[in-house]
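Structure file model18.cif with mmCIF, C-alpha atoms and all ligand atoms:
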data_target
#
loop_
_atom_site.group_PDB
_atom_site.id
_atom_site.type_symbol
_atom_site.label_atom_id
_atom_site.label_comp_id
_atom_site.auth_asym_id
_atom_site.auth_seq_id
_atom_site.Cartn_x
_atom_site.Cartn_y
_atom_site.Cartn_z
ATOM 1 C CA MET K 21 0.000 0.000 0.000
ATOM 2 C CA VAL K 22 1.465 3.311 -1.057
ATOM 3 C CA SER K 23 0.496 6.194 1.203
ATOM 4 C CA PRO K 24 -1.097 9.078 -0.687
ATOM 5 C CA VAL K 25 1.382 11.750 0.424
ATOM 6 C CA GLU K 26 4.844 10.993 1.701
ATOM 7 C CA SER K 27 6.890 13.799 3.214
ATOM 8 C CA LEU K 28 10.561 13.649 2.171
ATOM 9 C CA GLY K 29 11.695 16.737 4.094
ATOM 10 C CA TYR K 30 12.766 20.104 2.637
ATOM 11 C CA GLY K 31 9.118 20.859 1.821
ATOM 12 C CA ILE K 32 9.097 18.028 -0.736
ATOM 13 C CA TYR K 33 6.310 15.456 -0.933
ATOM 14 C CA CYS K 34 6.037 12.320 -3.045
ATOM 15 C CA ILE K 35 2.654 11.345 -4.493
ATOM 16 C CA ASP K 36 1.986 8.068 -6.266
ATOM 17 C CA ALA K 37 0.873 8.794 -9.830
ATOM 18 C CA ARG K 38 -1.492 5.781 -9.983
ATOM 19 C CA TYR K 39 0.160 4.663 -13.219
ATOM 20 C CA ILE K 40 -0.125 0.918 -14.043
ATOM 21 C CA ASN K 41 0.398 -0.145 -10.389
ATOM 22 C CA PRO K 42 1.238 1.660 -7.144
ATOM 23 C CA GLY K 43 4.981 2.253 -6.944
ATOM 24 C CA VAL K 44 5.567 2.538 -10.703
ATOM 25 C CA ALA K 45 5.575 6.336 -11.154
ATOM 26 C CA CYS K 46 5.322 9.308 -8.847
ATOM 27 C CA CYS K 47 5.158 13.062 -8.907
ATOM 28 C CA TYR K 48 6.377 15.598 -6.380
ATOM 29 C CA LEU K 49 5.049 18.652 -4.637
ATOM 30 C CA MET K 50 7.507 21.264 -3.492
ATOM 31 C CA VAL K 51 6.193 23.818 -1.006
ATOM 32 C CA GLU K 52 8.065 27.023 -0.263
ATOM 33 C CA GLY K 53 6.332 29.821 1.666
ATOM 34 C CA ASP K 54 2.884 30.047 0.130
ATOM 35 C CA GLU K 55 3.918 28.729 -3.272
ATOM 36 C CA VAL K 56 3.756 25.214 -4.658
ATOM 37 C CA ALA K 57 5.475 23.541 -7.590
ATOM 38 C CA ILE K 58 4.181 20.277 -8.995
ATOM 39 C CA ILE K 59 7.131 18.405 -10.490
ATOM 40 C CA GLU K 60 5.959 15.668 -12.904
ATOM 41 C CA THR K 61 2.252 15.449 -13.591
ATOM 42 C CA GLY K 62 1.704 11.733 -14.071
ATOM 43 C CA THR K 63 -1.080 10.978 -16.546
ATOM 44 C CA ALA K 64 -4.442 12.646 -17.043
ATOM 45 C CA TYR K 65 -5.674 10.328 -14.246
ATOM 46 C CA THR K 66 -3.124 11.599 -11.692
ATOM 47 C CA ALA K 67 -4.789 14.999 -11.114
ATOM 48 C CA VAL K 68 -7.139 13.440 -8.535
ATOM 49 C CA ALA K 69 -4.212 12.222 -6.418
ATOM 50 C CA ILE K 70 -2.550 15.640 -6.650
ATOM 51 C CA ALA K 71 -5.747 17.423 -5.599
ATOM 52 C CA GLU K 72 -6.095 15.045 -2.624
ATOM 53 C CA ALA K 73 -2.491 15.692 -1.621
ATOM 54 C CA LEU K 74 -2.938 19.472 -1.757
ATOM 55 C CA ALA K 75 -6.101 19.146 0.360
ATOM 56 C CA ASP K 76 -4.271 16.917 2.878
ATOM 57 C CA LEU K 77 -1.574 19.566 3.207
ATOM 58 C CA ASN K 78 -4.126 22.410 3.455
ATOM 59 C CA LEU K 79 -2.761 24.055 0.332
ATOM 60 C CA PRO K 80 -5.430 25.963 -1.603
ATOM 61 C CA ALA K 81 -5.541 25.636 -5.401
ATOM 62 C CA ASP K 82 -4.268 29.186 -5.930
ATOM 63 C CA THR K 83 -0.919 28.394 -4.277
ATOM 64 C CA VAL K 84 0.145 26.276 -7.277
ATOM 65 C CA ARG K 85 2.618 28.407 -9.207
ATOM 66 C CA TYR K 86 4.511 25.984 -11.444
ATOM 67 C CA ILE K 87 3.741 22.676 -13.115
ATOM 68 C CA ILE K 88 7.046 21.165 -14.226
ATOM 69 C CA PRO K 89 7.154 17.915 -16.229
ATOM 70 C CA THR K 90 10.766 16.821 -16.872
ATOM 71 C CA HIS K 91 9.878 15.735 -20.419
ATOM 72 C CA VAL K 92 6.814 15.106 -22.536
ATOM 73 C CA HIS K 93 6.483 11.314 -22.221
ATOM 74 C CA LEU K 94 2.939 10.770 -21.028
ATOM 75 C CA ASP K 95 3.701 9.206 -17.634
ATOM 76 C CA HIS K 96 5.517 12.482 -16.842
ATOM 77 C CA ALA K 97 3.525 15.145 -18.711
ATOM 78 C CA GLY K 98 0.212 13.523 -19.647
ATOM 79 C CA GLY K 99 -1.597 15.338 -16.840
ATOM 80 C CA ALA K 100 -0.252 18.814 -17.686
ATOM 81 C CA GLY K 101 -3.372 20.030 -19.515
ATOM 82 C CA VAL K 102 -5.724 18.815 -16.793
ATOM 83 C CA LEU K 103 -3.625 20.473 -14.071
ATOM 84 C CA ILE K 104 -3.359 23.757 -15.982
ATOM 85 C CA GLN K 105 -7.147 23.797 -16.212
ATOM 86 C CA ARG K 106 -7.535 23.077 -12.501
ATOM 87 C CA TYR K 107 -4.890 25.506 -11.175
ATOM 88 C CA SER K 108 -5.618 28.750 -12.955
ATOM 89 C CA GLY K 109 -2.691 30.669 -11.404
ATOM 90 C CA ALA K 110 -0.080 28.142 -12.514
ATOM 91 C CA LYS K 111 2.328 28.148 -15.449
ATOM 92 C CA LEU K 112 3.636 25.089 -17.235
ATOM 93 C CA VAL K 113 7.442 24.948 -17.386
ATOM 94 C CA ILE K 114 8.702 22.807 -20.246
ATOM 95 C CA HIS K 115 11.744 22.082 -22.437
ATOM 96 C CA PRO K 116 11.821 24.080 -25.720
ATOM 97 C CA ARG K 117 11.543 20.832 -27.706
ATOM 98 C CA GLY K 118 8.521 19.699 -25.712
ATOM 99 C CA ALA K 119 6.486 22.915 -25.707
ATOM 100 C CA ARG K 120 4.636 22.396 -28.997
ATOM 101 C CA HIS K 121 3.588 18.896 -27.876
ATOM 102 C CA MET K 122 2.002 20.350 -24.763
ATOM 103 C CA ILE K 123 0.182 23.066 -26.718
ATOM 104 C CA ASP K 124 -1.038 20.489 -29.241
ATOM 105 C CA PRO K 125 -0.694 16.964 -27.834
ATOM 106 C CA SER K 126 -2.145 15.216 -30.914
ATOM 107 C CA LYS K 127 1.222 13.925 -32.208
ATOM 108 C CA LEU K 128 2.225 12.763 -28.758
ATOM 109 C CA ILE K 129 -1.066 10.921 -28.372
ATOM 110 C CA ALA K 130 -0.764 9.323 -31.826
ATOM 111 C CA GLY K 131 2.845 8.269 -31.126
ATOM 112 C CA THR K 132 1.944 6.696 -27.796
ATOM 113 C CA LYS K 133 -1.103 4.945 -29.275
ATOM 114 C CA ALA K 134 1.214 3.464 -31.910
ATOM 115 C CA VAL K 135 3.235 1.831 -29.105
ATOM 116 C CA TYR K 136 0.387 0.757 -26.776
ATOM 117 C CA GLY K 137 -2.746 0.495 -28.954
ATOM 118 C CA GLU K 138 -6.026 2.390 -28.560
ATOM 119 C CA LYS K 139 -7.482 0.414 -25.659
ATOM 120 C CA LYS K 140 -4.335 0.264 -23.519
ATOM 121 C CA PHE K 141 -3.751 3.967 -24.186
ATOM 122 C CA ALA K 142 -7.175 4.903 -22.806
ATOM 123 C CA GLU K 143 -6.634 2.681 -19.797
ATOM 124 C CA LEU K 144 -3.129 3.987 -18.986
ATOM 125 C CA TYR K 145 -3.225 7.628 -20.022
ATOM 126 C CA GLY K 146 -6.821 8.868 -20.233
ATOM 127 C CA GLU K 147 -7.222 12.038 -22.232
ATOM 128 C CA PRO K 148 -4.240 14.422 -22.321
ATOM 129 C CA LEU K 149 -5.553 17.983 -22.792
ATOM 130 C CA PRO K 150 -3.840 20.836 -24.663
ATOM 131 C CA VAL K 151 -2.165 23.624 -22.668
ATOM 132 C CA PRO K 152 -2.908 27.208 -23.829
ATOM 133 C CA GLU K 153 0.277 28.781 -25.201
ATOM 134 C CA ALA K 154 -0.057 31.805 -22.886
ATOM 135 C CA ARG K 155 0.355 29.500 -19.886
ATOM 136 C CA VAL K 156 3.637 27.972 -21.092
ATOM 137 C CA ILE K 157 7.119 28.970 -19.892
ATOM 138 C CA VAL K 158 9.784 27.572 -22.208
ATOM 139 C CA ALA K 159 12.795 26.756 -20.019
ATOM 140 C CA GLU K 160 16.203 27.188 -21.592
ATOM 141 C CA ASP K 161 19.259 25.400 -20.212
ATOM 142 C CA GLY K 162 20.415 27.201 -17.066
ATOM 143 C CA ASP K 163 17.164 29.072 -16.424
ATOM 144 C CA VAL K 164 16.340 29.529 -12.758
ATOM 145 C CA LEU K 165 12.764 29.546 -11.458
ATOM 146 C CA ASP K 166 11.846 31.355 -8.262
ATOM 147 C CA LEU K 167 9.485 29.406 -6.007
ATOM 148 C CA GLY K 168 8.700 31.636 -3.032
ATOM 149 C CA GLY K 169 12.346 32.777 -3.030
ATOM 150 C CA ARG K 170 13.732 29.238 -3.523
ATOM 151 C CA PRO K 171 15.781 28.885 -6.713
ATOM 152 C CA LEU K 172 15.117 25.906 -8.967
ATOM 153 C CA GLU K 173 17.694 25.497 -11.697
ATOM 154 C CA ILE K 174 16.725 23.872 -14.970
ATOM 155 C CA ARG K 175 19.406 21.914 -16.828
ATOM 156 C CA HIS K 176 18.814 20.279 -20.179
ATOM 157 C CA THR K 177 19.678 16.584 -19.893
ATOM 158 C CA PRO K 178 19.315 14.768 -23.233
ATOM 159 C CA GLY K 179 20.047 11.055 -23.593
ATOM 160 C CA HIS K 180 16.753 9.447 -22.593
ATOM 161 C CA ALA K 181 14.921 12.050 -24.699
ATOM 162 C CA GLU K 182 15.936 15.246 -26.493
ATOM 163 C CA HIS K 183 13.102 17.126 -24.730
ATOM 164 C CA HIS K 184 14.313 16.246 -21.238
ATOM 165 C CA PHE K 185 15.471 18.580 -18.487
ATOM 166 C CA CYS K 186 16.225 17.971 -14.821
ATOM 167 C CA VAL K 187 15.597 20.338 -11.916
ATOM 168 C CA TRP K 188 18.308 21.153 -9.366
ATOM 169 C CA ASP K 189 17.127 22.150 -5.896
ATOM 170 C CA ARG K 190 20.006 23.726 -3.993
ATOM 171 C CA GLN K 191 18.140 23.562 -0.697
ATOM 172 C CA SER K 192 17.895 19.752 -0.591
ATOM 173 C CA ARG K 193 20.980 19.324 -2.786
ATOM 174 C CA GLY K 194 18.769 17.116 -4.911
ATOM 175 C CA TRP K 195 17.923 16.616 -8.562
ATOM 176 C CA PHE K 196 14.494 15.860 -9.912
ATOM 177 C CA THR K 197 15.737 13.412 -12.474
ATOM 178 C CA GLY K 198 12.718 12.349 -14.555
ATOM 179 C CA ASP K 199 14.045 9.397 -16.579
ATOM 180 C CA THR K 200 17.643 10.621 -16.982
ATOM 181 C CA PHE K 201 18.936 8.941 -13.822
ATOM 182 C CA GLY K 202 17.235 5.630 -14.601
ATOM 183 C CA ILE K 203 14.655 3.542 -12.803
ATOM 184 C CA SER K 204 14.879 2.143 -9.296
ATOM 185 C CA TYR K 205 11.612 0.800 -7.977
ATOM 186 C CA ARG K 206 11.305 0.044 -4.290
ATOM 187 C CA GLU K 207 11.517 -3.682 -5.098
ATOM 188 C CA LEU K 208 15.126 -2.943 -6.126
ATOM 189 C CA ILE K 209 16.107 -1.726 -2.647
ATOM 190 C CA PHE K 210 18.072 -4.441 -0.856
ATOM 191 C CA GLY K 211 18.857 -3.292 2.678
ATOM 192 C CA ASP K 212 21.376 -0.477 2.310
ATOM 193 C CA LYS K 213 21.983 -1.298 -1.368
ATOM 194 C CA ARG K 214 19.912 -0.130 -4.264
ATOM 195 C CA PHE K 215 19.800 -1.440 -7.799
ATOM 196 C CA ILE K 216 19.023 0.784 -10.772
ATOM 197 C CA ILE K 217 18.535 0.317 -14.506
ATOM 198 C CA PRO K 218 18.778 2.859 -17.337
ATOM 199 C CA THR K 219 15.691 3.690 -19.354
ATOM 200 C CA THR K 220 16.371 3.745 -23.085
ATOM 201 C CA SER K 221 12.755 3.721 -24.278
ATOM 202 C CA PRO K 222 11.998 4.774 -27.886
ATOM 203 C CA VAL K 223 12.693 6.905 -29.835
ATOM 204 C CA GLN K 224 15.525 9.268 -28.866
ATOM 205 C CA PHE K 225 17.952 7.243 -26.732
ATOM 206 C CA ASP K 226 21.547 8.400 -27.153
ATOM 207 C CA PRO K 227 24.169 6.744 -24.920
ATOM 208 C CA ASP K 228 26.816 9.476 -25.198
ATOM 209 C CA LYS K 229 24.317 12.210 -24.346
ATOM 210 C CA LEU K 230 22.872 10.153 -21.492
ATOM 211 C CA LEU K 231 26.311 9.584 -19.955
ATOM 212 C CA GLY K 232 27.037 13.306 -20.381
ATOM 213 C CA SER K 233 23.810 14.235 -18.611
ATOM 214 C CA ILE K 234 24.471 11.876 -15.702
ATOM 215 C CA GLY K 235 27.964 13.425 -15.445
ATOM 216 C CA LEU K 236 26.466 16.915 -15.416
ATOM 217 C CA MET K 237 24.180 15.976 -12.535
ATOM 218 C CA MET K 238 26.921 14.286 -10.517
ATOM 219 C CA GLY K 239 29.042 17.423 -11.056
ATOM 220 C CA LYS K 240 26.842 19.192 -8.483
ATOM 221 C CA CYS K 241 27.782 16.588 -5.841
ATOM 222 C CA PRO K 242 24.112 15.846 -5.150
ATOM 223 C CA GLN K 243 23.002 14.327 -1.851
ATOM 224 C CA ARG K 244 19.880 12.783 -3.321
ATOM 225 C CA MET K 245 17.965 12.081 -6.513
ATOM 226 C CA TYR K 246 14.197 12.412 -6.746
ATOM 227 C CA LEU K 247 13.394 9.698 -9.266
ATOM 228 C CA THR K 248 10.057 9.533 -11.030
ATOM 229 C CA HIS K 249 10.379 5.726 -10.980
ATOM 230 C CA TYR K 250 10.483 5.811 -7.924
ATOM 231 C CA SER K 251 10.860 8.310 -5.074
ATOM 232 C CA VAL K 252 14.017 9.539 -3.403
ATOM 233 C CA LEU K 253 17.414 7.865 -3.692
ATOM 234 C CA GLU K 254 20.038 9.036 -1.189
ATOM 235 C CA GLN K 255 23.825 9.234 -1.728
ATOM 236 C CA PRO K 256 23.785 8.580 -5.482
ATOM 237 C CA GLU K 257 27.558 8.128 -6.221
ATOM 238 C CA ASN K 258 27.705 4.317 -6.262
ATOM 239 C CA VAL K 259 24.382 4.077 -7.998
ATOM 240 C CA ALA K 260 25.570 6.512 -10.692
ATOM 241 C CA LYS K 261 28.517 4.235 -11.397
ATOM 242 C CA LEU K 262 26.264 1.185 -11.696
ATOM 243 C CA LEU K 263 23.945 3.131 -13.988
ATOM 244 C CA CYS K 264 26.729 4.359 -16.301
ATOM 245 C CA GLU K 265 28.237 0.868 -16.539
ATOM 246 C CA GLN K 266 24.890 -0.460 -17.721
ATOM 247 C CA VAL K 267 24.428 2.305 -20.310
ATOM 248 C CA GLU K 268 27.834 1.322 -21.702
ATOM 249 C CA ALA K 269 26.945 -2.387 -21.601
ATOM 250 C CA TYR K 270 23.633 -1.699 -23.369
ATOM 251 C CA ARG K 271 25.510 0.058 -26.140
ATOM 252 C CA GLN K 272 27.919 -2.872 -26.535
ATOM 253 C CA ILE K 273 25.094 -5.437 -26.511
ATOM 254 C CA ALA K 274 23.160 -3.486 -29.138
ATOM 255 C CA LEU K 275 26.188 -2.984 -31.406
ATOM 256 C CA SER K 276 27.166 -6.657 -31.141
ATOM 257 C CA LEU K 277 23.696 -7.654 -32.390
ATOM 258 C CA LYS K 278 23.378 -4.974 -35.054
ATOM 259 C CA ASN K 279 23.236 -7.371 -38.001
ATOM 260 C CA VAL K 280 21.539 -10.431 -36.532
ATOM 261 C CA PRO K 281 18.030 -11.412 -37.636
ATOM 262 C CA ASP K 282 15.297 -10.851 -35.032
ATOM 263 C CA ARG K 283 17.505 -8.201 -33.470
ATOM 264 C CA GLN K 284 15.104 -6.693 -30.956
ATOM 265 C CA ARG K 285 14.275 -10.052 -29.390
ATOM 266 C CA MET K 286 17.981 -10.894 -29.142
ATOM 267 C CA ILE K 287 18.715 -7.554 -27.461
ATOM 268 C CA LEU K 288 15.855 -8.170 -25.045
ATOM 269 C CA GLY K 289 17.284 -11.549 -24.076
ATOM 270 C CA LYS K 290 20.784 -10.167 -23.550
ATOM 271 C CA ILE K 291 19.856 -7.125 -21.468
ATOM 272 C CA LYS K 292 17.541 -9.249 -19.319
ATOM 273 C CA GLU K 293 20.295 -11.784 -18.718
ATOM 274 C CA MET K 294 22.833 -9.072 -17.867
ATOM 275 C CA THR K 295 20.516 -7.219 -15.489
ATOM 276 C CA LEU K 296 19.415 -10.323 -13.610
ATOM 277 C CA ALA K 297 23.059 -11.405 -13.217
ATOM 278 C CA LEU K 298 23.927 -7.985 -11.771
ATOM 279 C CA ILE K 299 20.998 -8.157 -9.328
ATOM 280 C CA LYS K 300 22.031 -11.665 -8.290
ATOM 281 C CA THR K 301 25.552 -10.402 -7.578
ATOM 282 C CA MET K 302 24.224 -7.528 -5.488
ATOM 283 C CA GLN K 303 21.708 -9.649 -3.611
ATOM 284 C CA PRO K 304 22.363 -13.413 -3.989
ATOM 285 C CA GLN K 305 19.115 -14.487 -2.288
ATOM 286 C CA THR K 306 16.860 -12.478 -4.645
ATOM 287 C CA ASP K 307 13.937 -14.259 -6.275
ATOM 288 C CA LEU K 308 14.815 -13.574 -9.915
ATOM 289 C CA GLN K 309 11.315 -14.508 -11.083
ATOM 290 C CA VAL K 310 9.962 -11.563 -9.090
ATOM 291 C CA MET K 311 12.619 -9.297 -10.633
ATOM 292 C CA ARG K 312 11.681 -10.517 -14.135
ATOM 293 C CA GLU K 313 8.096 -9.469 -13.466
ATOM 294 C CA VAL K 314 8.948 -6.132 -11.834
ATOM 295 C CA LEU K 315 11.150 -5.153 -14.786
ATOM 296 C CA ALA K 316 9.259 -6.870 -17.627
ATOM 297 C CA LEU K 317 7.856 -3.712 -19.224
ATOM 298 C CA ASP K 318 11.136 -1.799 -18.837
ATOM 299 C CA PHE K 319 13.109 -4.610 -20.478
ATOM 300 C CA GLN K 320 10.672 -4.473 -23.416
ATOM 301 C CA LEU K 321 10.857 -0.699 -23.776
ATOM 302 C CA ASN K 322 14.631 -0.653 -23.371
ATOM 303 C CA ALA K 323 15.068 -3.309 -26.083
ATOM 304 C CA GLN K 324 12.783 -1.341 -28.404
ATOM 305 C CA GLY K 325 14.713 1.859 -27.698
ATOM 306 C CA LEU K 326 18.080 0.204 -28.385
ATOM 307 C CA ASP K 327 16.719 -1.258 -31.619
ATOM 308 C CA VAL K 328 15.566 2.210 -32.754
ATOM 309 C CA TRP K 329 18.946 3.689 -31.755
ATOM 310 C CA LEU K 330 20.755 1.056 -33.860
ATOM 311 C CA SER K 331 18.578 1.920 -36.836
ATOM 312 C CA ARG K 332 19.783 5.513 -36.569
ATOM 313 C CA GLN K 333 23.487 4.536 -36.631
HETATM 314 ZN ZN ZN A 1 10.515 9.061 -20.501
#
Could I get this structure in the form of structure tokens?
Amino acid sequence: MVSPVESLGYGIYCIDARYINPGVACCYLMVEGDEVAIIETGTAYTAVAIAEALADLNLPADTVRYIIPTHVHLDHAGGAGVLIQRYSGAKLVIHPRGARHMIDPSKLIAGTKAVYGEKKFAELYGEPLPVPEARVIVAEDGDVLDLGGRPLEIRHTPGHAEHHFCVWDRQSRGWFTGDTFGISYRELIFGDKRFIIPTTSPVQFDPDKLLGSIGLMMGKCPQRMYLTHYSVLEQPENVAKLLCEQVEAYRQIALSLKNVPDRQRMILGKIKEMTLALIKTMQPQTDLQVMREVLALDFQLNAQGLDVWLSRQ
């Protein structure tokens, strides 16, 4: 059972996005003075959870100043239009390459339907609404937002997607990482160790850019990462190393299978095998069948993304 609002300190709260299953995706509230930022929106279905969280914290609707999806994939930005409608004083902050997809989400919707199909799309994402252009702030690399006097620095972090940025919060010494710093569900926490996997989902994965973006984030000597998948990860140095090693291994696996028939399925098999071996090394008593299930969708998406990347080479 995931609690509806989890306080992480520093005025930061984690809310489950109710995407696929509890614990798969989250969004964050940041409260400073009488201003609120919503970082990540979840899907069009997540707005209910956000409204409940604001009510729980006694924060009226007019305190919401910024809505900040890290990139325009629909588990991160699919709720933007609904939230903009609900919180009339708020502005949407978005990467320059994502802005037009928020103003007119039709391409985004069509692209996602192509991956998931009509029925699954409706079930997972609901109806993403357009955001009026006048409500959009296009965030350039290095821009700093002011939330009740608290600076939030936007840094462009391509690699998972070209339209991705991350948000640096000096106060918590933490990054809101979206998908750039990989995926680490709570099932991947083993005592004081934590496993992580990269996310290379279609269609813009670029290993060099991803490694560069992870390096940029680690350059701030962060104390913690606020992952969208899932929640806060403390002391990220060792995890960053594990993540970068896997990005490199993914690249090698993909390149080694470039010319084999049935390439995507072969890549899937290899990355699965590698990941499960790494988990087994970290935590020998792990039930690998459980891990296979927890990571099944991510393995699929990662294999697809690597296949698309190879096609671009
Ligand atoms: Zn994404």
Hey, which bits of chain K sit within 9 Å of ligand ZN 1 (chain A), and for each residue what's the closest pair of atoms and how far apart in Å (one decimal), counting only C-alpha atoms and all ligand atoms, rows by chain and increasing number, as CSV?
residue,atom,partner,partner_atom,distance
K:Thr90,CA,A:ZN1,ZN,8.6
K:His91,CA,A:ZN1,ZN,6.7
K:Val92,CA,A:ZN1,ZN,7.4
K:His93,CA,A:ZN1,ZN,4.9
K:Leu94,CA,A:ZN1,ZN,7.8
K:Asp95,CA,A:ZN1,ZN,7.4
K:His96,CA,A:ZN1,ZN,7.1
K:His180,CA,A:ZN1,ZN,6.6
K:Ala181,CA,A:ZN1,ZN,6.8
K:His184,CA,A:ZN1,ZN,8.2
K:Gly198,CA,A:ZN1,ZN,7.1
K:Asp199,CA,A:ZN1,ZN,5.3
K:Thr200,CA,A:ZN1,ZN,8.1
K:Thr219,CA,A:ZN1,ZN,7.5
K:Thr220,CA,A:ZN1,ZN,8.3
K:Ser221,CA,A:ZN1,ZN,6.9
K:Pro222,CA,A:ZN1,ZN,8.7
Counting only C-alpha atoms, give me one row per residue of region 148-169 of chain K with an atom at most 6 Å from an atom of region 105-128 of chain K, showing the shortest contact pair and its distance in Å to one decimal, sorted by chain then residue number, as a Markdown table.
| residue | atom | partner | partner_atom | distance |
| --- | --- | --- | --- | --- |
| K:Pro150 | CA | K:Ile123 | CA | 5.0 |
| K:Val151 | CA | K:Ile123 | CA | 4.7 |
| K:Pro152 | CA | K:Ile123 | CA | 5.9 |
| K:Glu153 | CA | K:Ile123 | CA | 5.9 |
| K:Arg155 | CA | K:Lys111 | CA | 5.0 |
| K:Val156 | CA | K:Leu112 | CA | 4.8 |
| K:Ile157 | CA | K:Val113 | CA | 4.7 |
| K:Val158 | CA | K:Ile114 | CA | 5.3 |
| K:Ala159 | CA | K:His115 | CA | 5.4 |
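Comparing the minimum interatomic distances between Trp195 (chain K) and each of K:Ala134, K:Ile32, K:Leu167, K:Val56, counting all atoms listed in the file, we find that K:Ile32 sits nearest.
Shown here are all protein and nucleic acid residues lying within 10 Å of (3.2, 27.2, 2.8), with all atoms listed in the file considered: Gly31, Met50, Val51, Glu52, Gly53, Asp54, Glu55, Val56, Leu77, Asn78, Leu79, Pro80, Thr83 and Gly168 of chain K.
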Practice item. Evaluate the PyMOL selection byres (((chain K and resi 165) around 12) and not hetatm) here and jot the selected residues down as a PyMOL selection string. Key: chain K and resi 57+85-88+111-114+157-164+166-175+187-190
Point to revise | Residues in the PyMOL selection byres (((chain K and resi 73-76) around 9) and not hetatm), expressed as a PyMOL selection string | key: chain K and resi 24-25+33+35+49+68-72+77-81
Practice item. Choose the residue, out of K:Leu247, K:Ile234, K:Ile287, K:Val223, that has the smallest atom-to-atom separation from Ala45 (chain K); count all atoms listed in the file. Key: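 For Ala45 (chain K), the nearest of the given residues is K:Leu247.
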So that I can check the surroundings of Glu207 (chain K), please list as a CSV table (one decimal) with C-alpha atoms, in the frame of the given file every protein, DNA and RNA residue that reaches within 10 Å of it, counting only C-alpha atoms and ignoring chain neighbours fewer than 6 positions away.
chain,number,residue,atom,x,y,z
K,43,GLY,CA,5.0,2.3,-6.9
K,214,ARG,CA,19.9,-0.1,-4.3
K,215,PHE,CA,19.8,-1.4,-7.8
K,250,TYR,CA,10.5,5.8,-7.9
K,310,VAL,CA,10.0,-11.6,-9.1
K,311,MET,CA,12.6,-9.3,-10.6
K,314,VAL,CA,8.9,-6.1,-11.8
K,315,LEU,CA,11.2,-5.2,-14.8
Review point. Any chance you could work out the residue set of the PyMOL selection byres (((chain K and resi 39) around 8) and not hetatm) here, as a list in words?
Key: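 Selected by the PyMOL selection byres (((chain K and resi 39) around 8) and not hetatm) in this file: Asp36, Ala37, Arg38, Ile40, Asn41, Pro42, Val44, Ala45, Gly62, Thr63, Thr66, Asp95 and Leu144 of chain K.
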Just to be explicit: take each residue in the selection above, keep C-alpha atoms, and write the result as a compact mmCIF listing (two decimals), in the coordinates of the input.
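And here is the file that came out, selection.txt:
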# COMPACT_ATOMS: atom_id res chain seq x y z
CA ASP K 36 1.99 8.07 -6.27
CA ALA K 37 0.87 8.79 -9.83
CA ARG K 38 -1.49 5.78 -9.98
CA ILE K 40 -0.12 0.92 -14.04
CA ASN K 41 0.40 -0.14 -10.39
CA PRO K 42 1.24 1.66 -7.14
CA VAL K 44 5.57 2.54 -10.70
CA ALA K 45 5.58 6.34 -11.15
CA GLY K 62 1.70 11.73 -14.07
CA THR K 63 -1.08 10.98 -16.55
CA THR K 66 -3.12 11.60 -11.69
CA ASP K 95 3.70 9.21 -17.63
CA LEU K 144 -3.13 3.99 -18.99
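In this model, the gap between CA of Ile217 (chain K) and CA of Trp329 (chain K) comes to 17.6 Å.
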Region 86-101 of chain K, all listed atoms, 5 Å padding on each side: what axis-aligned box centre and edge lengths in Å to one decimal come out, as AutoDock Vina command-line options?
--center_x 3.7 --center_y 17.6 --center_z -17.0 --size_x 24.1 --size_y 26.8 --size_z 21.1
**Study point:** Straight-line distance linking CA of Tyr270 (chain K) with CA of Gly232 (chain K), stated in Å to one decimal
**Key:**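 CA of Tyr270 (chain K) sits 15.7 Å away from CA of Gly232 (chain K).
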Exercise for review: Would you mind telling me which residue in K:Thr248, K:Gln224, K:Gln303, K:Ser276 lies nearest to Glu182 (chain K) when using only C-alpha atoms?
Suggested key: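 Checking each candidate against Glu182 (chain K), we get K:Gln224 as the closest.
Between CA of Thr177 (chain K) and CA of Ser233 (chain K) the interatomic distance comes to 4.9 Å.
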Review point. For Met286 (chain K), which residue among K:Ala260, K:Ala323, K:Val102, K:Val267 is the nearest when counting all atoms listed in the file?
Key: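 Result for the nearest residue to Met286 (chain K): K:Ala323.
Nearest residue to Gly194 (chain K) among K:Lys139, K:Arg312, K:Arg244, K:His249 is K:Arg244, counting all atoms listed in the file.
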